[in-house]
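Engineer: I have a structure I would like to understand better, so I am pasting it below and will then ask my questions one at a time.
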Amino acid sequence: MGSAPASVQLALPDLTLDLRTDRGVFAHGRVDPGTKLLLLEAPAPAGAGNLLDLGCGTGAIALTLARRSPAATVWAVDVNRRARELTMANAERNGTANVHTAAPEEVGDEVRFATIWSNPPVRIGKGALQALLATWLGRLTPDGSAVLVVQKHLGSDSLARWLDDAGWAVARLASRMGYRLLEVRR
């Protein structure tokens, strides 16, 4: 698939980011409304330690985490090479030096996360999504938390039940525009 770069501006109450997007990367040419809900409504991320944007896309979540927690190391993880490249270029463009992009297998097993924010790839299928979340949520620090945004019609409520059944504490933080914002803790 050929490249079709586009630029978008993400304006939040506390920061503005100029993001480059491209075809083949989630939310080409826009900021996904679920992502924007997460960025507007999620509790403040940990101020230090390792933070994770799981499925970084163009980096809107990673860069927001980096700006809000400048003393932290933000891991922007995605299986898509183009997404990782865009995130790194967007980090440089927006002056966020504390963002580290990586493929999932490049994150050492010893790395633990104080905060995970994600608009997870629900379209990969229920089993694959559950395996993905079990892996990464298992890497939360004992007092860490994750915030996930999931479309209601794409299974947010069943995902919340599955997480609860798997032993996670799940709270619905918001429900707007057809999205649910879920906070997950040990």
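For the structure tokens, the naming scheme is as follows: chains receive sequential letters (A, B, ...) according to their order of presentation, residues are indexed from 1 within each chain, and ligands are indexed from 1 in presentation order.
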Please list as a VMD selection string every residue within 10 Å of Asp143 (chain A), counting only C-alpha atoms and excluding residues in the same chain fewer than 6 positions away.
Structural biologist: chain A and resid 113 to 115 185 to 186
Engineer: Leaving out region 125-130 of chain A and any residue of its chain fewer than 2 positions from it, which residues lie within 10 Å of it when counting only C-alpha atoms, given as a list in words?
Structural biologist: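 Returned residues: Pro120, Pro121, Val122, Arg123, Leu132, Leu133, Ala134, Thr135, Leu154, Gly155, Ser158, Leu159, Trp162 and Leu163 of chain A.
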Engineer: DSSP on the backbone: which residues in region 24-123 of chain A end up as strand (DSSP E or B)? Give the answer as a PyMOL selection string.
Structural biologist: chain A and resi 48-54+71-77+99-102+113-118
Engineer: Provide the CA of Val79 (chain A) to CA of Ile124 (chain A) distance in Å, to one decimal place.
Structural biologist: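 Going from CA of Val79 (chain A) over to CA of Ile124 (chain A), I get 12.0 Å.
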Engineer: With DSSP run on the backbone, what are the alpha helix (DSSP H) residues within region 63-134 of chain A? I'd like them as a list in words.
Structural biologist: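 Of region 63-134 of chain A, the ones in alpha helix (DSSP H) are Leu63, Thr64, Leu65, Ala66, Arg67, Arg68, Arg81, Arg82, Ala83, Arg84, Glu85, Leu86, Thr87, Met88, Ala89, Asn90, Ala91, Glu92, Arg93, Lys126, Gly127, Ala128, Leu129, Gln130, Ala131, Leu132, Leu133 and Ala134 of chain A.
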Engineer: Would you put the residues from that selection into a file with C-alpha atoms, as a compact mmCIF listing (two decimals), in the first residue's frame?
Structural biologist:
# COMPACT_ATOMS: atom_id res chain seq x y z
CA LEU A 63 3.30 11.85 22.95
CA THR A 64 0.57 12.93 25.35
CA LEU A 65 1.97 10.60 28.03
CA ALA A 66 5.46 12.00 27.34
CA ARG A 67 4.32 15.61 27.67
CA ARG A 68 2.32 14.95 30.83
CA ARG A 81 6.84 -0.74 11.46
CA ARG A 82 5.28 2.28 9.73
CA ALA A 83 3.42 3.15 12.95
CA ARG A 84 6.65 3.02 14.96
CA GLU A 85 8.42 5.22 12.39
CA LEU A 86 5.59 7.77 12.42
CA THR A 87 5.53 7.83 16.22
CA MET A 88 9.28 8.46 16.40
CA ALA A 89 9.09 11.19 13.74
CA ASN A 90 6.13 12.77 15.55
CA ALA A 91 8.04 12.63 18.86
CA GLU A 92 10.95 14.47 17.25
CA ARG A 93 8.62 16.97 15.54
CA LYS A 126 -11.36 -11.82 20.75
CA GLY A 127 -8.78 -14.54 21.46
CA ALA A 128 -5.86 -12.54 20.10
CA LEU A 129 -6.97 -9.42 21.98
CA GLN A 130 -7.30 -11.33 25.24
CA ALA A 131 -3.83 -12.84 24.79
CA LEU A 132 -2.38 -9.40 23.99
CA LEU A 133 -3.95 -7.79 27.05
CA ALA A 134 -3.04 -10.68 29.35
Engineer: Looking at only C-alpha atoms, which of A:Ala6, A:Val99, A:Val150, A:Val74 is the one that sits closest to Ala46 (chain A)?
Structural biologist: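 Ranked by minimum distance to Ala46 (chain A), first place goes to A:Val74.
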Engineer: When you look at Thr16 (chain A) with a cut-off of 12 Å (counting only C-alpha atoms), what residues show up, excluding the ones that are within fewer than 2 positions of it in the same chain? I need them as a ChimeraX atom specification.
Structural biologist: /A:8-14,18-19,39,60,63-64,67-68,94-95
Engineer: Please, what distance in Å, to one decimal, runs between CA of Leu173 (chain A) and CA of Val111 (chain A)?
Structural biologist: 26.7 Å
